[in-house]
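Q: Quick one, target-v8.txt (compact mmCIF, C-alpha atoms and all ligand atoms):
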```txt
# COMPACT_ATOMS: atom_id res chain seq x y z
CA MET O 18 -15.32 -8.22 -20.51
CA LYS O 19 -18.38 -6.10 -21.24
CA ASN O 20 -18.21 -2.95 -23.32
CA ILE O 21 -19.13 0.06 -21.24
CA SER O 22 -22.24 0.69 -23.32
CA GLU O 23 -23.49 -2.73 -22.14
CA MET O 24 -23.11 -1.71 -18.48
CA LYS O 25 -26.39 -1.28 -16.70
CA PHE O 26 -27.59 2.27 -16.32
CA LYS O 27 -27.71 1.92 -12.58
CA SER O 28 -25.32 0.22 -10.22
CA ASP O 29 -25.57 -0.20 -6.49
CA ILE O 30 -21.86 0.22 -5.80
CA THR O 31 -19.11 1.61 -8.04
CA ILE O 32 -15.48 1.41 -7.03
CA ILE O 33 -12.91 3.62 -8.77
CA GLY O 34 -9.53 1.89 -9.07
CA ALA O 35 -8.44 -1.74 -9.44
CA GLY O 36 -5.37 -1.59 -7.22
CA VAL O 37 -5.11 -3.97 -4.29
CA VAL O 38 -7.42 -1.79 -2.16
CA GLY O 39 -10.23 -1.38 -4.72
CA LEU O 40 -10.05 -5.09 -5.53
CA ALA O 41 -10.13 -6.14 -1.87
CA ILE O 42 -13.23 -3.99 -1.40
CA ALA O 43 -14.85 -5.43 -4.54
CA ALA O 44 -14.18 -8.96 -3.25
CA GLN O 45 -15.74 -8.04 0.09
CA LEU O 46 -18.83 -6.28 -1.31
CA ALA O 47 -19.62 -8.44 -4.36
CA HIS O 48 -22.97 -10.11 -3.96
CA ARG O 49 -25.39 -11.67 -6.45
CA ASP O 50 -28.15 -9.33 -5.23
CA ARG O 51 -26.15 -6.19 -6.03
CA VAL O 52 -24.67 -4.59 -9.12
CA VAL O 53 -21.04 -3.82 -8.29
CA TYR O 54 -18.65 -2.23 -10.78
CA VAL O 55 -14.93 -1.57 -10.53
CA LEU O 56 -13.72 1.05 -13.02
CA GLU O 57 -10.03 1.02 -13.87
CA LYS O 58 -8.34 3.36 -16.35
CA ASN O 59 -5.48 0.98 -17.15
CA GLU O 60 -5.52 -2.22 -19.24
CA ARG O 61 -5.11 -4.44 -16.19
CA SER O 62 -5.36 -4.47 -12.41
CA GLY O 63 -2.56 -3.34 -10.12
CA GLN O 64 -0.41 -1.46 -12.62
CA GLU O 65 0.38 1.47 -10.30
CA THR O 66 1.38 1.58 -6.62
CA SER O 67 0.08 -1.95 -6.03
CA SER O 68 2.94 -3.37 -8.13
CA ARG O 69 5.64 -0.91 -7.01
CA HIS O 70 6.27 -1.65 -3.35
CA SER O 71 8.33 -3.82 -0.99
CA GLY O 72 5.72 -6.60 -0.78
CA VAL O 73 6.05 -6.70 3.00
CA ILE O 74 3.30 -7.91 5.33
CA HIS O 75 3.90 -5.42 8.12
CA SER O 76 3.19 -6.15 11.77
CA GLY O 77 2.14 -2.60 12.69
CA ILE O 78 5.05 -1.39 14.83
CA TYR O 79 5.50 2.20 13.73
CA TYR O 80 2.05 3.76 13.52
CA PRO O 81 0.48 6.06 16.13
CA TYR O 82 -1.66 4.12 18.63
CA GLY O 83 -5.34 4.25 17.80
CA SER O 84 -4.75 5.36 14.20
CA LEU O 85 -6.43 3.60 11.29
CA LYS O 86 -2.95 2.69 10.07
CA ALA O 87 -2.19 0.85 13.32
CA LYS O 88 -5.60 -0.81 13.59
CA LEU O 89 -5.98 -1.88 9.96
CA CYS O 90 -2.35 -3.00 9.63
CA GLY O 91 -2.64 -5.25 12.69
CA GLU O 92 -5.92 -6.76 11.47
CA GLY O 93 -4.64 -6.98 7.90
CA ASN O 94 -1.53 -8.87 9.01
CA HIS O 95 -3.65 -11.67 10.51
CA LEU O 96 -6.18 -11.66 7.67
CA LEU O 97 -3.48 -11.82 4.98
CA TYR O 98 -1.76 -14.84 6.53
CA GLU O 99 -5.15 -16.57 6.81
CA LEU O 100 -5.99 -15.77 3.17
CA CYS O 101 -2.58 -16.93 1.98
CA GLN O 102 -2.85 -20.24 3.81
CA GLU O 103 -6.43 -20.87 2.76
CA HIS O 104 -5.98 -20.00 -0.92
CA GLY O 105 -2.37 -20.96 -1.61
CA ILE O 106 -1.21 -17.35 -2.15
CA GLY O 107 2.61 -17.18 -2.16
CA HIS O 108 4.00 -15.77 1.08
CA ALA O 109 6.75 -16.32 3.63
CA ARG O 110 6.72 -15.36 7.30
CA LEU O 111 10.42 -14.45 7.25
CA GLY O 112 10.49 -12.15 10.26
CA LYS O 113 12.18 -8.79 10.41
CA LEU O 114 15.04 -7.26 12.37
CA ILE O 115 15.33 -3.54 13.11
CA VAL O 116 19.00 -3.12 13.77
CA ALA O 117 20.57 -0.51 16.09
CA ALA O 118 24.04 0.85 15.34
CA SER O 119 24.48 2.99 18.51
CA ASP O 120 23.35 3.19 22.14
CA GLU O 121 20.94 5.97 21.19
CA GLU O 122 19.35 3.73 18.55
CA THR O 123 19.13 0.88 21.09
CA GLY O 124 17.03 3.21 23.24
CA GLN O 125 14.81 3.87 20.24
CA LEU O 126 14.33 0.11 19.79
CA GLN O 127 12.82 -0.06 23.27
CA GLU O 128 10.39 2.71 22.35
CA LEU O 129 9.52 0.94 19.10
CA LYS O 130 8.92 -2.31 20.97
CA ALA O 131 6.54 -0.61 23.41
CA LYS O 132 4.74 1.16 20.55
CA GLY O 133 4.45 -2.05 18.52
CA GLN O 134 3.15 -4.04 21.49
CA ARG O 135 0.53 -1.38 22.18
CA ASN O 136 -0.51 -1.66 18.53
CA GLY O 137 -0.85 -5.45 18.93
CA ALA O 138 2.24 -6.58 16.99
CA VAL O 139 2.90 -10.10 18.26
CA GLY O 140 6.13 -11.66 19.51
CA LEU O 141 8.33 -8.54 19.46
CA GLN O 142 11.65 -9.26 21.12
CA LEU O 143 14.70 -7.13 21.87
CA ILE O 144 17.85 -9.09 21.17
CA SER O 145 21.52 -8.52 21.96
CA ARG O 146 24.40 -8.36 19.50
CA SER O 147 25.30 -12.03 20.17
CA GLU O 148 21.69 -13.15 19.62
CA LEU O 149 21.61 -11.08 16.43
CA LYS O 150 24.80 -12.77 15.27
CA LYS O 151 23.25 -16.20 15.92
CA LEU O 152 20.21 -15.34 13.80
CA GLU O 153 22.01 -13.34 11.10
CA PRO O 154 25.80 -13.85 11.19
CA ASN O 155 26.32 -11.45 8.28
CA VAL O 156 24.42 -8.49 9.77
CA GLU O 157 26.25 -5.85 11.82
CA GLY O 158 24.62 -4.08 14.79
CA ILE O 159 24.79 -3.75 18.56
CA ALA O 160 21.19 -4.82 19.25
CA ALA O 161 17.99 -5.47 17.32
CA LEU O 162 14.22 -5.70 17.58
CA LEU O 163 12.88 -8.96 16.16
CA SER O 164 9.40 -8.93 14.66
CA PRO O 165 8.51 -12.55 13.88
CA SER O 166 5.11 -11.78 12.31
CA THR O 167 6.53 -9.64 9.49
CA GLY O 168 6.61 -11.42 6.14
CA ILE O 169 6.42 -11.10 2.38
CA ILE O 170 3.60 -11.77 -0.06
CA ASP O 171 3.08 -12.29 -3.78
CA SER O 172 0.91 -9.20 -4.23
CA HIS O 173 -0.05 -10.14 -7.80
CA ALA O 174 -1.39 -13.49 -6.61
CA LEU O 175 -3.28 -11.64 -3.86
CA MET O 176 -4.86 -9.31 -6.42
CA GLU O 177 -5.76 -12.28 -8.66
CA HIS O 178 -7.46 -13.84 -5.66
CA PHE O 179 -9.48 -10.66 -5.01
CA VAL O 180 -10.41 -10.41 -8.73
CA ALA O 181 -11.64 -14.03 -8.74
CA ARG O 182 -13.66 -13.54 -5.54
CA ALA O 183 -15.18 -10.30 -6.84
CA ARG O 184 -16.19 -11.95 -10.12
CA ASP O 185 -17.57 -15.02 -8.31
CA GLY O 186 -19.79 -12.65 -6.38
CA GLY O 187 -20.99 -11.10 -9.65
CA ALA O 188 -18.91 -7.89 -9.68
CA GLU O 189 -17.81 -6.49 -13.03
CA ILE O 190 -14.22 -5.24 -13.31
CA ALA O 191 -14.09 -2.90 -16.30
CA TYR O 192 -10.67 -1.89 -17.67
CA ARG O 193 -9.73 1.12 -19.84
CA LYS O 194 -12.49 3.07 -18.12
CA LYS O 195 -11.35 6.41 -16.77
CA VAL O 196 -13.70 8.30 -14.49
CA VAL O 197 -13.81 11.90 -15.73
CA GLY O 198 -16.98 13.25 -14.11
CA ILE O 199 -18.96 12.83 -10.89
CA GLU O 200 -22.26 14.58 -10.30
CA LYS O 201 -24.49 14.28 -7.25
CA VAL O 202 -28.01 13.26 -8.32
CA SER O 203 -30.99 12.21 -6.24
CA ASN O 204 -30.15 8.98 -4.41
CA GLY O 205 -26.65 8.62 -5.81
CA TYR O 206 -24.08 9.82 -8.31
CA LYS O 207 -23.90 10.16 -12.07
CA ILE O 208 -20.50 8.90 -13.18
CA THR O 209 -19.02 9.87 -16.53
CA VAL O 210 -16.47 7.47 -17.91
CA GLU O 211 -14.07 7.89 -20.81
CA GLU O 212 -13.14 4.74 -22.71
CA ASN O 213 -9.92 5.36 -24.68
CA ASP O 214 -10.95 6.40 -28.20
CA LYS O 215 -14.51 5.13 -27.84
CA GLY O 216 -15.81 8.29 -26.19
CA LYS O 217 -17.77 8.91 -23.03
CA PHE O 218 -20.66 7.21 -21.31
CA SER O 219 -22.57 7.93 -18.10
CA PHE O 220 -24.46 5.81 -15.59
CA THR O 221 -25.64 6.24 -12.03
CA THR O 222 -24.57 4.55 -8.86
CA ARG O 223 -26.03 4.58 -5.39
CA ILE O 224 -22.66 4.31 -3.62
CA LEU O 225 -19.33 5.51 -4.99
CA ILE O 226 -16.02 4.38 -3.48
CA ASN O 227 -12.87 6.29 -4.37
CA CYS O 228 -9.82 3.98 -4.38
CA ALA O 229 -7.92 5.89 -7.05
CA GLY O 230 -4.52 5.78 -5.32
CA LEU O 231 -2.29 8.55 -6.68
CA TYR O 232 -5.36 10.29 -8.17
CA CYS O 233 -7.74 9.99 -5.22
CA ASP O 234 -7.53 13.73 -4.48
CA LYS O 235 -8.48 14.52 -8.08
CA ILE O 236 -11.46 12.16 -7.85
CA ALA O 237 -12.56 13.85 -4.61
CA GLY O 238 -12.23 17.18 -6.46
CA LEU O 239 -14.39 15.88 -9.34
CA ALA O 240 -17.16 15.22 -6.81
CA GLY O 241 -17.01 18.89 -5.77
CA ILE O 242 -14.91 18.61 -2.60
CA ASP O 243 -12.52 21.48 -1.96
CA ILE O 244 -9.48 19.25 -1.51
CA ALA O 245 -7.25 21.95 -0.02
CA ARG O 246 -9.86 22.74 2.63
CA ALA O 247 -10.59 19.09 3.33
CA GLY O 248 -6.84 18.41 3.73
CA TYR O 249 -6.95 15.84 0.91
CA ARG O 250 -4.24 17.23 -1.37
CA LEU O 251 -1.68 14.50 -2.01
CA HIS O 252 2.08 14.89 -1.89
CA TYR O 253 3.89 12.41 -4.12
CA CYS O 254 6.85 10.80 -2.40
CA LYS O 255 9.02 8.60 -4.57
CA GLY O 256 10.80 5.48 -3.32
CA GLU O 257 13.56 3.93 -5.42
CA TYR O 258 14.99 0.41 -5.15
CA PHE O 259 18.38 -1.04 -6.07
CA SER O 260 18.81 -4.78 -6.61
CA VAL O 261 21.70 -6.56 -4.88
CA GLY O 262 23.55 -9.00 -7.11
CA GLY O 263 26.94 -10.61 -6.73
CA GLY O 264 25.48 -13.77 -5.17
CA LYS O 265 24.81 -11.91 -1.91
CA SER O 266 21.10 -12.62 -1.60
CA LYS O 267 21.56 -15.81 0.44
CA LEU O 268 23.56 -13.97 3.12
CA VAL O 269 20.50 -12.84 5.08
CA LYS O 270 17.35 -14.79 5.91
CA ARG O 271 15.16 -12.01 7.29
CA LEU O 272 14.10 -8.49 6.30
CA ILE O 273 16.67 -6.09 7.74
CA TYR O 274 15.74 -2.49 8.64
CA PRO O 275 17.61 0.40 10.22
CA VAL O 276 16.11 2.36 13.12
CA PRO O 277 13.92 4.96 11.39
CA GLU O 278 14.88 8.59 11.78
CA VAL O 279 12.47 10.75 13.76
CA LYS O 280 9.89 12.22 11.33
CA ASP O 281 11.38 10.05 8.58
CA THR O 282 8.99 9.88 5.66
CA GLY O 283 9.74 6.20 5.15
CA LEU O 284 11.16 3.36 7.22
CA GLY O 285 14.77 3.96 6.14
CA VAL O 286 16.49 2.14 3.26
CA HIS O 287 16.09 -1.52 4.17
CA VAL O 288 16.75 -4.98 2.83
CA THR O 289 13.82 -6.83 1.39
CA LEU O 290 13.74 -10.30 -0.09
CA ASP O 291 11.20 -11.56 -2.58
CA LEU O 292 9.71 -15.02 -2.75
CA GLU O 293 12.42 -16.09 -5.22
CA GLY O 294 15.03 -15.06 -2.63
CA ARG O 295 16.23 -12.00 -4.58
CA MET O 296 17.56 -9.19 -2.40
CA ARG O 297 16.99 -5.50 -2.92
CA LEU O 298 17.54 -2.27 -1.04
CA GLY O 299 15.01 0.48 -0.70
CA PRO O 300 12.91 2.44 -0.81
CA ASN O 301 14.44 5.88 -0.23
CA THR O 302 12.17 8.91 0.13
CA GLN O 303 12.04 11.87 -2.18
CA TYR O 304 9.14 14.28 -2.61
CA VAL O 305 8.42 14.80 -6.33
CA ASP O 306 6.00 16.91 -8.36
CA SER O 307 5.05 14.36 -10.99
CA ILE O 308 4.75 10.64 -11.54
CA ASP O 309 7.99 9.32 -13.01
CA TYR O 310 9.18 5.81 -12.17
CA SER O 311 12.77 6.13 -13.37
CA VAL O 312 15.57 5.37 -10.89
CA ASP O 313 18.34 7.95 -10.59
CA SER O 314 21.56 5.93 -10.71
CA SER O 315 23.42 8.79 -8.99
CA HIS O 316 21.62 7.71 -5.78
CA LYS O 317 23.59 4.45 -5.75
CA LYS O 318 26.25 5.84 -3.39
CA SER O 319 23.73 6.83 -0.70
CA PHE O 320 22.06 3.39 -0.92
CA TYR O 321 25.45 1.75 -0.62
CA ASP O 322 26.43 3.90 2.39
CA SER O 323 23.15 3.23 4.24
CA ALA O 324 23.31 -0.52 3.58
CA LYS O 325 27.03 -1.01 4.25
CA ARG O 326 26.55 -0.01 7.90
CA MET O 327 24.29 -3.02 8.53
CA LEU O 328 25.52 -5.32 5.77
CA PRO O 329 29.31 -5.11 5.54
CA PHE O 330 29.40 -7.81 2.82
CA ILE O 331 27.78 -5.49 0.25
CA GLU O 332 30.10 -4.08 -2.42
CA TYR O 333 29.37 -0.99 -4.48
CA GLU O 334 29.36 -3.08 -7.70
CA ASP O 335 26.58 -5.35 -6.32
CA LEU O 336 23.97 -2.59 -6.65
CA GLU O 337 21.91 -1.98 -9.79
CA PRO O 338 18.98 0.45 -10.21
CA GLU O 339 15.79 -1.64 -10.14
CA MET O 340 12.43 0.13 -9.89
CA ALA O 341 10.53 2.89 -8.11
CA GLY O 342 7.12 3.45 -6.59
CA ILE O 343 5.32 6.60 -5.51
CA ARG O 344 3.62 7.04 -2.15
CA PRO O 345 0.35 9.01 -2.11
CA LYS O 346 1.13 10.90 1.10
CA LEU O 347 -1.13 13.32 2.93
CA GLN O 348 1.81 14.89 4.76
CA GLY O 349 4.23 17.17 2.96
CA PRO O 350 7.98 17.36 3.67
CA GLY O 351 8.75 17.82 7.38
CA GLU O 352 5.10 17.47 8.47
CA ASP O 353 3.86 14.99 11.06
CA VAL O 354 2.65 11.59 9.88
CA LYS O 355 -1.00 11.65 8.76
CA ASP O 356 -3.43 8.80 9.01
CA PHE O 357 -5.42 7.05 6.26
CA VAL O 358 -8.66 8.88 5.48
CA ILE O 359 -11.53 6.42 4.97
CA ARG O 360 -14.94 8.04 5.31
CA ASP O 361 -18.42 8.56 3.98
CA GLU O 362 -18.65 12.21 2.93
CA ARG O 363 -22.19 12.72 4.26
CA ASP O 364 -21.08 15.79 6.24
CA LYS O 365 -19.90 17.41 3.00
CA GLY O 366 -23.34 16.90 1.46
CA LEU O 367 -22.20 13.75 -0.36
CA PRO O 368 -23.82 10.75 1.39
CA GLY O 369 -22.72 7.42 -0.08
CA PHE O 370 -19.49 8.88 -1.49
CA ILE O 371 -16.73 7.01 0.36
CA ASN O 372 -13.26 8.44 0.04
CA LEU O 373 -10.03 6.54 0.65
CA ILE O 374 -7.26 9.13 0.68
CA GLY O 375 -3.56 8.77 1.41
CA ILE O 376 -3.47 4.97 1.30
CA GLU O 377 0.31 4.67 1.42
CA SER O 378 2.15 1.95 3.35
CA PRO O 379 0.85 -0.20 5.07
CA GLY O 380 -1.92 -0.21 2.43
CA LEU O 381 -1.01 -3.60 0.97
CA THR O 382 -0.95 -5.25 4.40
CA SER O 383 -4.13 -3.48 5.44
CA SER O 384 -6.09 -4.21 2.25
CA PRO O 385 -8.36 -7.01 3.58
CA ALA O 386 -8.98 -5.03 6.80
CA ILE O 387 -9.70 -1.84 4.82
CA ALA O 388 -12.24 -3.88 2.83
CA ARG O 389 -14.03 -4.94 6.03
CA TYR O 390 -13.95 -1.39 7.36
CA VAL O 391 -15.48 -0.02 4.14
CA ALA O 392 -18.08 -2.82 4.18
CA SER O 393 -19.16 -1.65 7.65
CA ILE O 394 -19.62 1.90 6.29
CA VAL O 395 -21.60 0.57 3.30
CA LYS O 396 -23.82 -1.50 5.62
CA ASP O 397 -24.84 1.67 7.42
CA ILE O 398 -25.79 3.33 4.13
CA LEU O 399 -27.67 0.55 2.32
C1 LIG O 401 7.73 2.45 -2.42
C2 LIG O 401 6.55 1.83 -1.75
C3 LIG O 401 6.70 0.73 -0.90
C4 LIG O 401 5.61 0.18 -0.27
N1 LIG O 401 5.77 -0.95 0.48
C5 LIG O 401 4.73 -1.51 1.10
C6 LIG O 401 4.88 -2.69 1.87
O1 LIG O 401 5.95 -3.28 1.91
N2 LIG O 401 3.80 -3.16 2.55
C7 LIG O 401 2.60 -2.53 2.52
O2 LIG O 401 1.69 -2.97 3.21
N3 LIG O 401 2.40 -1.45 1.73
C8 LIG O 401 3.42 -0.94 1.02
N4 LIG O 401 3.25 0.15 0.23
C9 LIG O 401 1.90 0.73 0.11
C10 LIG O 401 1.04 -0.04 -0.87
O3 LIG O 401 1.76 -0.38 -2.03
C11 LIG O 401 -0.18 0.84 -1.23
O4 LIG O 401 -0.77 1.29 -0.04
C12 LIG O 401 -1.22 0.09 -2.03
O5 LIG O 401 -0.65 -0.55 -3.14
C13 LIG O 401 -2.28 1.10 -2.49
O6 LIG O 401 -3.21 0.42 -3.27
P1 LIG O 401 -4.40 1.23 -3.95
O7 LIG O 401 -5.30 0.23 -4.55
O8 LIG O 401 -4.96 2.19 -2.95
O9 LIG O 401 -3.71 2.16 -5.05
P2 LIG O 401 -3.17 1.82 -6.53
O10 LIG O 401 -2.48 0.54 -6.60
O11 LIG O 401 -2.44 3.04 -6.97
O12 LIG O 401 -4.51 1.68 -7.38
C14 LIG O 401 -5.30 2.80 -7.73
C15 LIG O 401 -5.91 2.52 -9.07
O13 LIG O 401 -6.84 3.55 -9.39
C16 LIG O 401 -6.80 3.73 -10.79
N5 LIG O 401 -7.35 5.05 -11.12
C17 LIG O 401 -6.84 6.26 -10.75
N6 LIG O 401 -7.60 7.26 -11.28
C18 LIG O 401 -8.60 6.67 -11.97
C19 LIG O 401 -9.70 7.17 -12.73
N7 LIG O 401 -9.92 8.49 -12.90
N8 LIG O 401 -10.53 6.27 -13.32
C20 LIG O 401 -10.33 4.92 -13.19
N9 LIG O 401 -9.29 4.41 -12.48
C21 LIG O 401 -8.45 5.25 -11.87
C22 LIG O 401 -5.31 3.61 -11.10
O14 LIG O 401 -5.09 3.37 -12.47
C23 LIG O 401 -4.87 2.49 -10.19
O15 LIG O 401 -4.89 1.25 -10.83
C24 LIG O 401 4.31 0.72 -0.46
C25 LIG O 401 4.15 1.80 -1.33
C26 LIG O 401 5.25 2.35 -1.99
C27 LIG O 401 5.06 3.47 -2.95
```
Reformat the file's structure so that it appears as structure tokens.
Ligand SMILES: Cc1cc2nc3c(=O)[nH]c(=O)nc-3n(C[C@H](O)[C@H](O)[C@H](O)COP(=O)(O)OP(=O)(O)OC[C@H]3O[C@@H](n4cnc5c(N)ncnc54)[C@H](O)[C@@H]3O)c2cc1C
A:
Amino acid sequence: MKNISEMKFKSDITIIGAGVVGLAIAAQLAHRDRVVYVLEKNERSGQETSSRHSGVIHSGIYYPYGSLKAKLCGEGNHLLYELCQEHGIGHARLGKLIVAASDEETGQLQELKAKGQRNGAVGLQLISRSELKKLEPNVEGIAALLSPSTGIIDSHALMEHFVARARDGGAEIAYRKKVVGIEKVSNGYKITVEENDKGKFSFTTRILINCAGLYCDKIAGLAGIDIARAGYRLHYCKGEYFSVGGGKSKLVKRLIYPVPEVKDTGLGVHVTLDLEGRMRLGPNTQYVDSIDYSVDSSHKKSFYDSAKRMLPFIEYEDLEPEMAGIRPKLQGPGEDVKDFVIRDERDKGLPGFINLIGIESPGLTSSPAIARYVASIVKDIL
């Protein structure tokens, strides 16, 4: 890896953040005729939200029709499966069941099916209790919505794939480089970077892409955007997970979700499986003021109660605190769902500064589609 002082004084495209989104964009934009840098403050790629999630390839059921979330999730679902098959990235198209526990929830399943179909989610099917029992004998519910195109992915392998593609195209991924200053200059931006104890260094870039995840609002602020006025201020929303031991992980084959509550900030505590077949419950939703990934073991009872309804075989002793992630949400508690913001800030006097704000779930699923979307914005600028 190059030392920052060896970086060229001018780049064509600089991407802030080597999470799955920044890396997908780097893979998409890397080209031998361009200088492309990715600046990452951590030692390695994907150390923040991109390694603290459920690892689910969503099908796009829940998002408002016409939103970027719906569009990019649907496209991303297809693109991810293609990428996985082509490049041997670990994945499994397990399918998912949203399980209703009451007649009222069964009605909600019909609405979810209609919403998902409108968004392009393929193969959605309402099934009865007896059909549910045939598919998942150990799951309790009176009806369910089956989403066959939902799956799981090895997100680290996906990020490694994006890193390799970006480097093959000539992009430089520079670690331990924290962006601390952004100044508009003629035909681009002067970026100031802090490199641990080695001090600061500046260079210019024609296009700047902000993929800083939990810090994207701060990066927008560094560029001079009034983030309160622009509606870019993030609300951190923590999601904790509990692992399920006791040899229970083989008792379900699919991802099992409850019907989400209206205005729920997440999808409800659900069952996910990883590629090794381990089962876990989560994530819950809890607005927090700071970034702290500890899991509060006093939440075990509420996880147990939520899961027991659908999975009667779970015992209290099976649950152990596992990990937590933090969602970079644009909506605060009780507010309506907000869409991804992905835009060139030309109208704020910052042409060529592309902000990606509020890239919460389904950001992992959407990552290859987000990359194409950003590439179309870049094409219009260059
Ligand atoms: C609990 C939870 C569950 C989720 N489950 C799913 C799921 O099942 N499926 C799905 O599709 N999505 C899911 N998501 C969403 C998904 O994980 C995110 O949308 C995605 O990982 C966001 O990637 P990112 O690259 O935008 O952000 P990040 O991974 O946070 O990357 C941003 C990077 O920017 C770097 N950075 C920040 N500031 C600076 C700076 N000043 N200088 C240099 N670098 C900087 C950070 O160090 C970080 O590496 C989930 C999220 C959470 C929290």
Q: List as an MDAnalysis selection string the protein and nucleic acid residues lying within 7 Å of ligand LIG 401 (chain O), with only C-alpha atoms and all ligand atoms counted.
A: chainID O and resid 33:39 56:59 62:75 194:197 228:233 236 255:257 300 341:344 376:383
Q: Return the single residue from O:Ala161, O:Val358, O:Leu85, O:Cys101 that is closest to Ser147 in chain O, with distances computed using all atoms listed in the file.
A: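 Residue with the minimum atom-to-atom distance to Ser147 in chain O: O:Ala161.
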Q: Go ahead and find all residues with at least one atom no further than 12 Å from (22.5, 0.3, -7.2) in the file's coordinates, using only C-alpha atoms; report them as JSON, numbers by chain.
A: {"O": [257, 258, 259, 260, 261, 262, 263, 296, 297, 298, 299, 300, 312, 313, 314, 315, 316, 317, 318, 319, 320, 321, 322, 323, 324, 331, 332, 333, 334, 335, 336, 337, 338, 339, 340]}
Q: Under the rule that all atoms listed in the file are counted, which of O:Asp234, O:Glu293, O:Glu157, O:Glu278 is the nearest residue to Lys325 in chain O?
A: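 For Lys325 in chain O, the nearest of the candidates is O:Glu157.
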Q: One decimal, Å: what's the distance from CA of Ile106 in chain O over to CA of His173 in chain O, could you say?
A: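 It comes out at 9.2 Å.
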Q: Identify, on the basis of all atoms listed in the file, every residue whose closest approach to range 368-375 of chain O does not exceed 9 Å; exclude the query and any residue fewer than 3 positions from it along the same chain; express the result as a PyMOL selection string.
A: chain O and resi 204-206+223-231+233-234+236-237+240+249-252+344-348+355-365+391+394-395+398-399
Q: Would you mind telling me which residue in O:Gly112, O:Gly198, O:Gly241, O:Gly140 lies nearest to Lys270 in chain O when using all atoms listed in the file?
A: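 So, comparing all the options, the nearest one is O:Gly112.
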Q: Using only C-alpha atoms, find the one residue out of O:Leu367, O:Leu175, O:Phe26, O:Lys215 that sits nearest to Ile199 in chain O.
A: O:Leu367
Q: Which residue out of O:Asp309, O:Glu352, O:Glu128, O:Glu189 has the minimum interatomic distance to Ile30 in chain O when all atoms listed in the file are used?
A: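 Between O:Asp309, O:Glu352, O:Glu128, O:Glu189, the residue approaching Ile30 in chain O most closely is O:Glu189.
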Q: Enter the distance from CA of Ala183 in chain O to CA of Ala47 in chain O, in Å, rounded to one decimal.
A: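 Those two atoms sit 5.4 Å apart.
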Q: Let me make sure I understand: among O:Gly186, O:Pro329, O:Pro275, O:Gly294, which one has the smallest atom-to-atom distance to Ala118 in chain O if we use only C-alpha atoms?
A: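 Checking each candidate against Ala118 in chain O, we get O:Pro275 as the closest.
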Q: Quick one: everything within 6 Å of range 86-96 of chain O, counting all atoms listed in the file, minus sequence neighbours fewer than 5 positions away in the same chain. Send it as a list in words.
A: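 Contacts, in chain order: Ser76, Gly77, Tyr80, Thr382, Ser383, Pro385 and Ala386 of chain O.
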Q: Using all atoms listed in the file, I'd like a table of the residues in range 121-227 of chain O that come within 12 Å of range 285-290 of chain O; for each, show the closest atom pair and its distance in Å rounded to one decimal, ordered by chain and ascending number, as a tab-separated table.
A:
```
residue	atom	partner	partner_atom	distance
O:Val156	CA	O:Val288	CA	10.9
O:Thr167	CA	O:Thr289	CA	11.3
O:Gly168	CA	O:Leu290	CA	9.5
O:Ile169	CA	O:Leu290	CA	7.8
O:Ile170	CA	O:Leu290	CA	10.2
O:Asp171	CA	O:Leu290	CA	11.5
```
Q: One number please: CA of Pro81 in chain O to CA of Arg246 in chain O, in Å, one decimal.
A: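 Between CA of Pro81 in chain O and CA of Arg246 in chain O the gap is 23.8 Å.
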Q: Within 7 Å of (6.3, -1.3, 17.9) (coordinates as in the file), grab all the protein and nucleic acid residues, counting only C-alpha atoms, and write them out as a list of chain:residue names.
A: O:Gly77, O:Ile78, O:Tyr79, O:Leu129, O:Lys130, O:Ala131, O:Lys132, O:Gly133, O:Gln134, O:Asn136, O:Ala138
Q: For range 124-126 of chain O, list every protein, DNA or RNA residue within 10 Å, evaluated using all atoms listed in the file, and leave out those in the same chain fewer than 5 positions away; present the list as a PyMOL selection string.
A: chain O and resi 115-117+119+131-132+142-144+160-163+276-279
